[in-house]
file upload39.cif (mmCIF, C-alpha atoms)
data_start
#
loop_
_atom_site.label_atom_id
_atom_site.label_comp_id
_atom_site.auth_asym_id
_atom_site.auth_seq_id
_atom_site.Cartn_x
_atom_site.Cartn_y
_atom_site.Cartn_z
CA PRO A 1 -66.23 222.21 -19.43
CA SER A 2 -66.34 222.40 -23.22
CA SER A 3 -69.25 220.95 -25.18
CA GLY A 4 -66.88 218.25 -26.41
CA SER A 5 -66.09 217.22 -22.85
CA SER A 6 -69.79 217.12 -22.02
CA THR A 7 -70.51 214.91 -25.02
CA VAL A 8 -67.74 212.51 -24.08
CA GLY A 9 -68.97 212.36 -20.49
CA MET A 10 -72.54 211.71 -21.60
CA SER A 11 -71.41 208.98 -24.00
CA THR A 12 -69.35 207.30 -21.27
CA ALA A 13 -72.28 207.37 -18.84
CA TYR A 14 -74.61 205.97 -21.51
CA ASN A 15 -72.26 203.14 -22.41
CA GLN A 16 -71.88 202.27 -18.74
CA TRP A 17 -75.66 202.24 -18.35
CA LYS A 18 -76.12 200.02 -21.43
CA LYS A 19 -73.54 197.54 -20.13
CA HIS A 20 -75.53 197.09 -16.92
CA THR A 21 -79.02 196.86 -18.44
CA PRO A 22 -79.30 193.07 -17.88
CA LEU A 23 -78.88 193.74 -14.16
CA LEU A 24 -81.31 196.66 -14.06
CA TYR A 25 -84.28 195.54 -16.13
CA ASP A 26 -86.45 192.50 -16.69
CA THR A 27 -87.44 193.89 -20.10
CA LEU A 28 -86.11 196.81 -22.15
CA ILE A 29 -87.72 197.99 -25.40
CA THR A 30 -85.80 200.61 -27.40
CA HIS A 31 -87.71 202.19 -30.29
CA ASN A 32 -86.02 204.71 -32.57
CA LEU A 33 -88.32 207.55 -33.62
CA SER A 34 -88.19 209.32 -36.96
CA TYR A 35 -88.84 212.67 -35.26
CA PRO A 36 -88.58 214.05 -31.70
CA SER A 37 -91.61 213.32 -29.53
CA PRO A 38 -92.55 216.01 -26.97
CA CYS A 39 -95.16 213.82 -25.26
CA LEU A 40 -96.37 210.27 -24.81
CA ARG A 41 -99.48 208.85 -23.17
CA TRP A 42 -100.13 205.25 -22.18
CA GLY A 43 -103.57 203.98 -23.14
CA HIS A 44 -105.57 200.89 -22.20
CA VAL A 45 -104.58 197.23 -22.35
CA VAL A 46 -105.72 195.88 -25.72
CA SER A 47 -105.09 192.18 -25.04
CA GLU A 48 -102.85 189.82 -23.11
CA ASP A 49 -101.87 186.19 -22.86
CA SER A 50 -99.46 184.15 -20.76
CA THR A 51 -96.38 185.63 -22.49
CA ALA A 52 -97.13 189.29 -23.25
CA THR A 53 -99.45 192.28 -22.88
CA ILE A 54 -100.47 194.49 -25.81
CA GLN A 55 -101.00 198.08 -24.65
CA ARG A 56 -102.04 201.19 -26.56
CA ILE A 57 -99.80 204.28 -26.60
CA PHE A 58 -100.12 207.74 -28.12
CA TYR A 59 -97.20 210.03 -28.92
CA SER A 60 -96.63 213.19 -30.93
CA GLU A 61 -94.09 213.88 -33.65
CA ARG A 62 -92.39 217.30 -33.81
CA GLY A 63 -90.74 218.45 -37.01
CA ALA A 64 -92.55 216.00 -39.26
CA SER A 65 -94.31 217.29 -42.36
CA PRO A 66 -97.03 217.39 -41.29
CA ASN A 67 -96.77 217.10 -37.50
CA THR A 68 -98.74 214.10 -36.28
CA ILE A 69 -100.10 212.19 -33.31
CA VAL A 70 -99.22 208.50 -33.59
CA VAL A 71 -101.54 205.79 -32.27
CA ALA A 72 -99.63 202.56 -31.70
CA ASN A 73 -99.59 199.25 -29.84
CA VAL A 74 -96.67 198.03 -27.74
CA LYS A 75 -96.04 194.35 -27.05
CA ILE A 76 -94.68 194.08 -23.50
CA PRO A 77 -93.33 190.68 -22.40
CA LYS A 78 -94.56 189.29 -19.11
CA PRO A 79 -92.00 189.02 -16.26
CA LYS A 80 -89.22 186.50 -16.84
CA MET A 81 -90.16 186.05 -20.50
CA THR A 82 -87.17 188.02 -21.86
CA ASP A 83 -83.77 186.42 -22.36
CA PRO A 84 -81.45 188.43 -20.03
CA THR A 85 -78.44 187.77 -22.27
CA LYS A 86 -80.12 189.78 -25.05
CA ILE A 87 -81.33 192.83 -23.11
CA ASP A 88 -78.22 194.89 -23.89
CA LYS A 89 -78.07 193.79 -27.56
CA PHE A 90 -80.56 196.38 -28.84
CA GLU A 91 -79.83 198.70 -31.75
CA GLU A 92 -80.44 202.37 -30.93
CA ASN A 93 -80.96 203.51 -34.54
CA THR A 94 -83.75 201.16 -35.62
CA PRO A 95 -87.46 200.87 -34.75
CA SER A 96 -88.47 198.09 -32.39
CA PRO A 97 -90.63 195.23 -33.73
CA SER A 98 -92.50 195.45 -30.41
CA VAL A 99 -94.03 198.82 -31.43
CA ALA A 100 -96.68 198.75 -34.17
CA SER A 101 -98.06 202.03 -35.55
CA LEU A 102 -101.82 201.97 -36.19
CA HIS A 103 -102.75 205.54 -37.18
CA LYS A 104 -101.07 208.88 -37.79
CA ILE A 105 -103.33 211.85 -37.05
CA GLU A 106 -102.38 215.13 -38.72
CA THR A 107 -102.48 217.92 -36.13
CA PRO A 108 -104.68 220.99 -36.75
CA LEU A 109 -102.78 223.66 -38.71
CA GLN A 110 -99.75 221.34 -38.46
CA THR A 111 -99.07 222.65 -34.97
CA GLU A 112 -96.79 220.90 -32.47
CA VAL A 113 -98.67 218.98 -29.77
CA ASN A 114 -97.40 219.57 -26.22
CA LYS A 115 -99.60 217.18 -24.24
CA ILE A 116 -101.84 214.21 -25.01
CA TYR A 117 -104.47 212.92 -22.61
CA THR A 118 -107.17 210.28 -22.46
CA PHE A 119 -109.97 209.31 -20.09
CA GLU A 120 -109.75 206.33 -17.78
CA LYS A 121 -113.20 205.03 -18.73
CA GLU A 122 -114.06 206.72 -22.04
CA ARG A 123 -111.16 205.12 -23.92
CA TRP A 124 -112.42 206.32 -27.29
CA ILE A 125 -111.65 209.98 -26.47
CA LEU A 126 -108.24 211.54 -27.18
CA ILE A 127 -107.44 215.14 -26.18
CA ALA A 128 -104.45 217.12 -27.47
CA LYS A 129 -103.06 220.43 -26.24
CA SER A 130 -100.89 222.41 -28.64
CA ASP A 131 -99.68 225.98 -29.05
CA LEU A 132 -103.14 226.86 -30.41
CA SER A 133 -105.65 228.50 -28.07
CA LYS A 134 -108.12 225.63 -28.54
CA LEU A 135 -107.69 222.05 -27.36
CA HIS A 136 -108.73 219.37 -29.86
CA VAL A 137 -110.69 216.16 -29.22
CA TRP A 138 -110.75 213.03 -31.39
CA ASN A 139 -113.10 210.07 -31.49
CA LEU A 140 -110.68 207.15 -31.76
CA GLN A 141 -113.41 204.86 -33.05
CA GLN A 142 -113.70 206.99 -36.18
CA LEU A 143 -110.00 207.03 -37.13
CA ALA A 144 -110.44 204.30 -39.74
CA HIS A 145 -112.35 206.77 -41.95
CA ASP A 146 -111.95 210.23 -40.38
CA HIS A 147 -108.87 211.81 -38.78
CA LYS A 148 -110.48 215.20 -38.10
CA PRO A 149 -111.21 216.31 -34.52
CA CYS A 150 -114.79 215.76 -33.43
CA ALA A 151 -114.77 218.65 -30.94
CA THR A 152 -112.74 221.59 -29.66
CA LEU A 153 -112.34 223.11 -26.19
CA ALA A 154 -112.30 226.91 -26.39
CA GLY A 155 -111.64 229.63 -23.83
CA HIS A 156 -107.88 230.15 -23.63
CA LYS A 157 -106.65 233.50 -24.89
CA ALA A 158 -104.45 233.80 -27.97
CA GLU A 159 -100.89 232.52 -27.39
CA ALA A 160 -101.78 231.49 -23.81
CA CYS A 161 -101.07 227.81 -24.53
CA GLU A 162 -97.69 228.18 -26.24
CA SER A 163 -95.26 225.60 -24.81
CA ASN A 164 -97.73 224.82 -22.02
CA PHE A 165 -98.30 221.31 -20.64
CA ALA A 166 -100.93 221.77 -17.92
CA LEU A 167 -103.71 219.29 -18.77
CA ASP A 168 -105.67 216.59 -16.93
CA THR A 169 -108.94 214.65 -17.10
CA SER A 170 -111.21 213.46 -14.29
CA SER A 171 -111.77 209.80 -13.49
CA GLU A 172 -115.54 210.42 -13.56
CA ARG A 173 -117.97 212.59 -15.52
CA GLY A 174 -115.77 213.48 -18.52
CA ARG A 175 -114.23 216.69 -17.23
CA VAL A 176 -111.07 218.39 -18.53
CA ILE A 177 -108.85 221.04 -16.91
CA SER A 178 -106.14 223.07 -18.62
CA GLY A 179 -103.80 225.79 -17.36
CA ASP A 180 -102.11 228.52 -19.40
CA ARG A 181 -99.33 231.10 -19.51
CA GLY A 182 -101.67 233.82 -18.26
CA GLY A 183 -102.16 232.09 -14.90
CA SER A 184 -105.69 230.82 -15.61
CA VAL A 185 -107.15 227.32 -15.29
CA LEU A 186 -110.17 226.35 -17.38
CA LEU A 187 -112.65 223.52 -16.74
CA TRP A 188 -114.82 221.85 -19.40
CA ASP A 189 -117.57 219.24 -19.04
CA LEU A 190 -117.74 216.98 -22.10
CA ALA A 191 -120.98 215.43 -20.86
CA ALA A 192 -122.78 218.79 -20.86
CA GLY A 193 -125.81 219.54 -23.01
CA SER A 194 -126.85 216.94 -25.57
CA ASN A 195 -123.53 215.08 -25.42
CA SER A 196 -123.50 211.62 -23.93
CA LEU A 197 -120.16 209.97 -23.24
CA ALA A 198 -121.91 206.61 -23.32
CA VAL A 199 -122.52 207.14 -27.05
CA PRO A 200 -119.22 207.88 -28.85
CA GLY A 201 -120.80 209.47 -31.93
CA SER A 202 -122.65 212.12 -29.89
CA LEU A 203 -119.54 214.09 -28.88
CA SER A 204 -119.17 217.09 -31.18
CA GLY A 205 -119.04 220.87 -31.27
CA ASP A 206 -117.09 223.74 -29.78
CA PHE A 207 -117.17 223.52 -25.98
CA GLN A 208 -116.97 226.65 -23.84
CA PRO A 209 -115.47 226.40 -20.33
CA LEU A 210 -117.79 225.53 -17.47
CA ARG A 211 -115.70 227.80 -15.25
CA ARG A 212 -112.49 229.83 -15.30
CA PHE A 213 -110.23 229.81 -12.22
CA GLU A 214 -107.91 232.71 -11.35
CA GLY A 215 -105.25 232.59 -8.64
CA HIS A 216 -101.79 232.27 -10.19
CA SER A 217 -99.79 235.37 -11.10
CA LYS A 218 -97.55 233.51 -13.57
CA THR A 219 -97.68 230.49 -15.89
CA VAL A 220 -99.63 227.45 -14.66
CA GLU A 221 -97.22 224.57 -15.23
CA ASP A 222 -99.37 221.59 -14.20
CA VAL A 223 -102.86 220.67 -13.00
CA ARG A 224 -104.20 217.49 -11.41
CA PHE A 225 -107.68 216.30 -10.40
CA ASN A 226 -108.28 214.77 -6.99
CA PRO A 227 -108.50 211.07 -8.05
CA THR A 228 -111.72 210.67 -6.04
CA SER A 229 -113.48 213.83 -7.27
CA HIS A 230 -114.55 215.51 -10.50
CA THR A 231 -114.88 218.93 -8.81
CA GLU A 232 -111.62 219.18 -6.81
CA PHE A 233 -108.18 219.71 -8.34
CA CYS A 234 -104.85 221.40 -7.70
CA SER A 235 -102.40 223.45 -9.76
CA VAL A 236 -98.76 224.56 -9.57
CA GLY A 237 -97.00 227.40 -11.33
CA ASP A 238 -94.00 229.59 -11.93
CA ASP A 239 -95.12 231.79 -9.03
CA GLY A 240 -94.14 228.96 -6.67
CA LEU A 241 -97.73 228.42 -5.52
CA LEU A 242 -99.61 225.19 -5.01
CA LEU A 243 -103.34 225.97 -5.18
CA PHE A 244 -106.31 223.75 -4.34
CA TRP A 245 -109.64 224.36 -6.07
CA ASP A 246 -113.23 223.14 -5.84
CA GLU A 247 -115.56 223.96 -8.74
CA ARG A 248 -118.48 224.07 -6.29
CA SER A 249 -116.81 226.96 -4.41
CA GLY A 250 -116.38 229.28 -7.38
CA GLY A 251 -113.36 230.45 -9.35
CA THR A 252 -110.99 231.26 -6.48
CA PRO A 253 -108.70 228.85 -4.58
CA VAL A 254 -110.05 227.09 -1.51
CA THR A 255 -106.48 226.63 -0.19
CA LYS A 256 -103.32 228.52 -1.13
CA VAL A 257 -100.01 226.91 -0.18
CA LEU A 258 -97.41 229.67 0.02
CA PRO A 259 -94.02 229.01 -1.62
CA TRP A 260 -91.76 226.76 0.49
CA CYS A 261 -88.87 227.04 -1.97
CA GLN A 262 -87.60 229.91 -4.08
CA VAL A 263 -88.00 228.27 -7.50
CA ASP A 264 -90.76 227.48 -9.99
CA LEU A 265 -93.01 224.47 -9.41
CA HIS A 266 -93.10 222.49 -12.66
CA CYS A 267 -95.30 219.45 -11.96
CA VAL A 268 -97.62 217.78 -9.47
CA ASP A 269 -99.36 214.43 -8.97
CA TRP A 270 -102.13 213.48 -6.56
CA ASN A 271 -101.98 210.04 -4.96
CA ALA A 272 -104.96 207.81 -5.80
CA ALA A 273 -104.42 205.41 -2.88
CA ASP A 274 -104.25 208.21 -0.27
CA ASN A 275 -105.75 211.46 -1.53
CA ASN A 276 -103.99 213.46 1.17
CA LEU A 277 -100.58 212.77 -0.45
CA LEU A 278 -99.11 214.82 -3.28
CA VAL A 279 -95.71 215.05 -4.95
CA THR A 280 -94.29 218.06 -6.79
CA GLY A 281 -91.20 218.67 -8.92
CA THR A 282 -89.28 221.95 -9.11
CA ALA A 283 -86.93 223.95 -11.32
CA ASP A 284 -83.88 223.17 -9.16
CA GLY A 285 -84.22 219.37 -9.45
CA SER A 286 -86.01 218.74 -6.14
CA THR A 287 -89.12 216.67 -5.50
CA TYR A 288 -91.35 217.33 -2.50
CA ILE A 289 -93.87 215.10 -0.71
CA LEU A 290 -96.82 216.97 0.80
CA ASP A 291 -99.84 216.18 2.96
CA ARG A 292 -102.75 218.48 2.13
CA ARG A 293 -103.93 218.32 5.75
CA GLN A 294 -100.71 220.08 6.85
CA VAL A 295 -99.54 222.04 3.84
CA GLY A 296 -97.42 224.59 5.68
CA GLN A 297 -94.25 222.51 5.22
CA PRO A 298 -93.51 219.53 2.93
CA LEU A 299 -93.10 216.13 4.58
CA ARG A 300 -89.98 215.33 2.57
CA CYS A 301 -87.56 216.88 0.11
CA LEU A 302 -85.80 214.42 -2.20
CA ARG A 303 -82.93 215.43 -4.45
CA GLY A 304 -81.61 213.17 -7.18
CA HIS A 305 -81.85 215.24 -10.35
CA ARG A 306 -79.15 217.69 -11.43
CA GLU A 307 -81.58 219.80 -13.46
CA ALA A 308 -85.26 220.76 -13.45
CA VAL A 309 -87.90 218.10 -12.80
CA PHE A 310 -90.68 218.24 -15.39
CA ARG A 311 -92.75 215.16 -14.58
CA VAL A 312 -93.74 213.24 -11.44
CA GLY A 313 -96.17 210.35 -11.05
CA TRP A 314 -97.23 208.00 -8.27
CA ARG A 315 -97.17 204.28 -8.89
CA PRO A 316 -100.83 203.18 -9.16
CA GLY A 317 -102.10 201.78 -5.89
CA SER A 318 -98.98 202.76 -3.91
CA THR A 319 -98.39 205.39 -1.23
CA ARG A 320 -94.63 204.64 -1.23
CA HIS A 321 -93.38 204.73 -4.79
CA PHE A 322 -93.29 207.47 -7.38
CA ALA A 323 -91.22 208.34 -10.46
CA SER A 324 -89.70 211.63 -11.56
CA ALA A 325 -88.21 212.70 -14.88
CA GLY A 326 -86.02 215.71 -15.49
CA GLU A 327 -84.15 217.87 -17.94
CA ASP A 328 -81.02 215.91 -17.03
CA ALA A 329 -82.48 212.99 -19.07
CA HIS A 330 -82.79 210.80 -15.96
CA LEU A 331 -85.91 208.99 -14.77
CA ILE A 332 -85.77 208.10 -11.08
CA ILE A 333 -87.99 205.69 -9.14
CA TRP A 334 -88.28 206.52 -5.42
CA ASP A 335 -89.42 204.77 -2.23
CA ILE A 336 -90.35 207.48 0.27
CA THR A 337 -90.35 205.04 3.22
CA ARG A 338 -86.58 204.73 2.98
CA GLY A 339 -84.09 207.19 4.38
CA GLY A 340 -84.50 210.11 6.71
CA GLY A 341 -87.79 209.69 8.49
CA ASP A 342 -90.25 212.58 8.20
CA ASP A 343 -87.69 215.22 7.20
CA ASN A 344 -85.11 214.61 4.52
CA MET A 345 -84.35 218.29 3.95
CA SER A 346 -80.62 218.43 4.66
CA ASN A 347 -78.56 221.59 4.56
CA ASP A 348 -77.08 220.44 1.25
CA GLN A 349 -80.56 220.22 -0.21
CA ARG A 350 -81.69 223.57 1.11
CA ASP A 351 -78.61 225.22 -0.37
CA GLY A 352 -79.11 223.48 -3.71
CA SER A 353 -75.70 221.80 -3.67
CA GLU A 354 -75.20 218.18 -4.73
CA SER A 355 -74.56 215.42 -2.24
CA ALA A 356 -71.80 212.93 -2.98
CA GLU A 357 -73.99 210.05 -1.79
CA VAL A 358 -76.96 208.59 -3.64
CA PRO A 359 -80.14 209.27 -1.63
CA PRO A 360 -81.33 206.03 0.00
CA GLU A 361 -84.86 206.64 -1.32
CA ILE A 362 -83.73 206.00 -4.92
CA ILE A 363 -84.65 202.51 -6.13
CA LEU A 364 -83.64 202.98 -9.74
CA ASP A 365 -81.95 205.78 -11.69
CA HIS A 366 -82.72 205.20 -15.37
CA ALA A 367 -80.04 206.89 -17.48
CA GLY A 368 -80.86 205.43 -20.89
CA HIS A 369 -81.86 208.69 -22.59
CA ARG A 370 -79.36 210.94 -24.35
#

call {"tool": "encode", "arguments": {"input": "upload39.cif", "output": "C-alpha cells"}}
result
Amino acid sequence: PSSGSSTVGMSTAYNQWKKHTPLLYDTLITHNLSYPSPCLRWGHVVSEDSTATIQRIFYSERGASPNTIVVANVKIPKPKMTDPTKIDKFEENTPSPSVASLHKIETPLQTEVNKIYTFEKERWILIAKSDLSKLHVWNLQQLAHDHKPCATLAGHKAEACESNFALDTSSERGRVISGDRGGSVLLWDLAAGSNSLAVPGSLSGDFQPLRRFEGHSKTVEDVRFNPTSHTEFCSVGDDGLLLFWDERSGGTPVTKVLPWCQVDLHCVDWNAADNNLLVTGTADGSTYILDRRQVGQPLRCLRGHREAVFRVGWRPGSTRHFASAGEDAHLIIWDITRGGGDDNMSNDQRDGSESAEVPPEIILDHAGHR
C-alpha cells in the first residue's frame, strides 16, 4: 500500500484506540515531548499519599541543542482516583501537568544517549550509554551545582557502541555490564579500589573493565544480570545466540544456547521471582519463554507483534506476566499461563505468518503510540 494509505490506517487505529481508553486503563498520562526520546528509565518512588505516587523518571532528548538527559518526577494517581469520563480527553500536543522536569543534563560532546540505567539500591548513580566508546556516570546528588559526569567506564573500542543498547546493572555490589557491536561484553565494578558506594562523593575516575567476555560473532543486542547474582549474567545477539556467563569462570560462556530461530535476538529479561525463567524478543516479532535448566528448546513461542521486538520485561514478583514492545509501536502485556500449554509454537508461528486470531495469552495490546 502507499504511504498515504498506511498513514490513514494508522490514524484510524489510533482514533479507535483513543475512543476505548476509558475501558482499557485506570489512568492514562500523555506527555508531549519537545524532542524524540530514544530511552526512558523509571527511578525510585519519591513520595506517596492516599491519592497519588510521585516517581522519578529519566529520559533522553535526541535532536535538541544540546542533547540532554532529563530528570523528572511523575505524579501517578492511585487506583480508582481518576475520573473515567476524562481519560480520553487528553491533548496529544501539550505537556502533561503530571510530569515535572527537575534537571536537564547536557550529554558529553552533545552525543545522543541510547540507554539510561540506574542501580536498585544506589539511587544516586545514573549511567548513560551513547555512541561514544565510554559510558558516563553521574552523581545525582550533585546536580544542583554540577552537571558533569563524576566517572567514566572505558574499554569499548572506537565506534563499538554506536546505536547499541546492551546495558545492565547488578542488584548488589555496584556492577555494570555493557555489550557492543564487536560482539564483546564488558564488566565494571564501581566499588573497586578506593570507591565506596556507601559514600556518594567517593565515586570518581576512569574505570577500566574488570573483565572482557568474548563469545558472540556479531553485535550484542542485550545483556541481563541474574537477579540473584552479581557474577552471573546472560547476553543475546545478532548471531542468534543466547549465552550464559559467570565472571568467576573467566571470559568464555559457561552455557551456549544454539539458535532456535533463524533471526536476530534483540532483547532478554531474567525473571527475579524464578531465576530459571527468561524471555527473549526477536527480529521477526516473536517472544520466547525459556527455562535455563532445559535450554535446548523454548517452552513457549508467543506472536503478537507484526515487526521486531526490541524490549521485554517481566512484571516484578510475577512468573506469569511480562510486557513486550516492538517496532510496530505496540506494547503488549502477556500471561503465559493462558493458551496452549507447554508448546504454543504453531505452524503459523514457525512460518512467520500472521494468525487471524488474537493469541489468548495477550491481556492488553497498547496501541497508543504513533

call {"tool": "resolve_selection", "arguments": {"input": "upload39.cif", "expression": "the PyMOL selection byres ((chain A and resi 303) around 8)", "output": "JSON list (two decimals) with C-alpha atoms, in the coordinates of the input"}}
result
[["chain", "number", "residue", "atom", "x", "y", "z"],
["A", 285, "GLY", "CA", -84.22, 219.37, -9.45],
["A", 286, "SER", "CA", -86.01, 218.74, -6.14],
["A", 287, "THR", "CA", -89.12, 216.67, -5.50],
["A", 301, "CYS", "CA", -87.56, 216.88, 0.11],
["A", 302, "LEU", "CA", -85.80, 214.42, -2.20],
["A", 304, "GLY", "CA", -81.61, 213.17, -7.18],
["A", 305, "HIS", "CA", -81.85, 215.24, -10.35],
["A", 349, "GLN", "CA", -80.56, 220.22, -0.21],
["A", 359, "PRO", "CA", -80.14, 209.27, -1.63]]

call {"tool": "residues_around", "arguments": {"input": "upload39.cif", "residues": "A:Ala158", "least_positions_apart": "3", "cutoff": "12 Å", "atoms": "only C-alpha atoms", "output": "list in words"}}
result
Ser130, Asp131, Leu132, Ser133, Lys134, Ala154, Gly155, Cys161, Glu162, Asp180, Arg181 and Gly182 of chain A

call {"tool": "closest_residue", "arguments": {"input": "upload39.cif", "among": "A:Ala323, A:Leu186, A:Pro22, A:Arg211", "to": "A:Asp83", "atoms": "all atoms listed in the file"}}
result
A:Pro22

call {"tool": "atom_distance", "arguments": {"input": "upload39.cif", "atom1": "atom CA of A:Ile29", "atom2": "atom CA of A:Trp42"}}
result
14.7 Å

call {"tool": "resolve_selection", "arguments": {"input": "upload39.cif", "expression": "the PyMOL selection byres ((chain A and resi 309-319) around 10)", "output": "PyMOL selection string"}}
result
chain A and resi 165+221-222+265-275+277-287+304-308+320-337

call {"tool": "closest_residue", "arguments": {"input": "upload39.cif", "among": "A:Leu140, A:Val46, A:Cys39, A:Leu190", "to": "A:Lys104", "atoms": "all atoms listed in the file"}}
result
A:Leu140

call {"tool": "closest_residue", "arguments": {"input": "upload39.cif", "among": "A:Ala72, A:Leu126, A:Ala367, A:Ala166", "to": "A:His147", "atoms": "all atoms listed in the file"}}
result
A:Leu126

call {"tool": "build_atoms", "arguments": {"input": "upload39.cif", "residues": "stretch 88-108 of chain A", "atoms": "N, CA, C and O atoms", "output": "short mmCIF file (atom, residue, chain, number, x, y, z; two decimals), in the coordinates of the input"}}
result
data_model
loop_
_atom_site.label_atom_id
_atom_site.label_comp_id
_atom_site.auth_asym_id
_atom_site.auth_seq_id
_atom_site.Cartn_x
_atom_site.Cartn_y
_atom_site.Cartn_z
N ASP A 88 -79.12 193.82 -23.50
CA ASP A 88 -78.22 194.89 -23.89
C ASP A 88 -77.79 194.81 -25.36
O ASP A 88 -76.86 195.52 -25.78
N LYS A 89 -78.45 193.97 -26.16
CA LYS A 89 -78.07 193.79 -27.56
C LYS A 89 -78.96 194.60 -28.51
O LYS A 89 -79.02 194.32 -29.69
N PHE A 90 -79.67 195.61 -27.99
CA PHE A 90 -80.56 196.38 -28.84
C PHE A 90 -79.77 197.34 -29.73
O PHE A 90 -78.63 197.70 -29.44
N GLU A 91 -80.41 197.76 -30.81
CA GLU A 91 -79.83 198.70 -31.75
C GLU A 91 -80.56 200.05 -31.62
O GLU A 91 -81.77 200.14 -31.85
N GLU A 92 -79.81 201.08 -31.22
CA GLU A 92 -80.44 202.37 -30.93
C GLU A 92 -81.06 203.05 -32.15
O GLU A 92 -81.98 203.85 -32.03
N ASN A 93 -80.58 202.74 -33.35
CA ASN A 93 -80.96 203.51 -34.54
C ASN A 93 -82.03 202.84 -35.40
O ASN A 93 -82.24 203.25 -36.53
N THR A 94 -82.70 201.84 -34.85
CA THR A 94 -83.75 201.16 -35.62
C THR A 94 -85.04 201.07 -34.80
O THR A 94 -84.99 201.03 -33.56
N PRO A 95 -86.19 201.04 -35.47
CA PRO A 95 -87.46 200.87 -34.75
C PRO A 95 -87.53 199.47 -34.12
O PRO A 95 -86.92 198.53 -34.60
N SER A 96 -88.30 199.37 -33.05
CA SER A 96 -88.47 198.09 -32.39
C SER A 96 -89.64 197.33 -33.01
O SER A 96 -90.70 197.90 -33.27
N PRO A 97 -89.50 196.02 -33.24
CA PRO A 97 -90.63 195.23 -33.73
C PRO A 97 -91.76 195.10 -32.70
O PRO A 97 -92.85 194.66 -33.04
N SER A 98 -91.48 195.52 -31.46
CA SER A 98 -92.50 195.45 -30.41
C SER A 98 -93.48 196.62 -30.48
O SER A 98 -94.49 196.61 -29.78
N VAL A 99 -93.17 197.64 -31.30
CA VAL A 99 -94.03 198.82 -31.43
C VAL A 99 -94.64 198.84 -32.82
O VAL A 99 -93.92 198.88 -33.83
N ALA A 100 -95.97 198.79 -32.89
CA ALA A 100 -96.68 198.75 -34.17
C ALA A 100 -97.57 199.98 -34.31
O ALA A 100 -98.50 200.18 -33.53
N SER A 101 -97.27 200.83 -35.29
CA SER A 101 -98.06 202.03 -35.55
C SER A 101 -99.38 201.67 -36.19
O SER A 101 -99.43 200.87 -37.14
N LEU A 102 -100.48 202.24 -35.67
CA LEU A 102 -101.82 201.97 -36.19
C LEU A 102 -102.37 203.12 -37.02
O LEU A 102 -102.95 202.92 -38.08
N HIS A 103 -102.23 204.35 -36.51
CA HIS A 103 -102.75 205.54 -37.18
C HIS A 103 -101.78 206.70 -36.97
O HIS A 103 -101.09 206.78 -35.95
N LYS A 104 -101.76 207.61 -37.94
CA LYS A 104 -101.07 208.88 -37.79
C LYS A 104 -102.08 209.99 -38.04
O LYS A 104 -102.64 210.11 -39.13
N ILE A 105 -102.33 210.79 -36.99
CA ILE A 105 -103.33 211.85 -37.05
C ILE A 105 -102.62 213.17 -37.32
O ILE A 105 -101.77 213.61 -36.53
N GLU A 106 -102.96 213.82 -38.42
CA GLU A 106 -102.38 215.13 -38.72
C GLU A 106 -102.93 216.16 -37.74
O GLU A 106 -104.14 216.27 -37.54
N THR A 107 -102.04 216.94 -37.12
CA THR A 107 -102.48 217.92 -36.13
C THR A 107 -103.09 219.13 -36.82
O THR A 107 -102.70 219.49 -37.93
N PRO A 108 -104.06 219.80 -36.16
CA PRO A 108 -104.68 220.99 -36.75
C PRO A 108 -103.66 222.08 -37.06
O PRO A 108 -102.80 222.41 -36.21
#
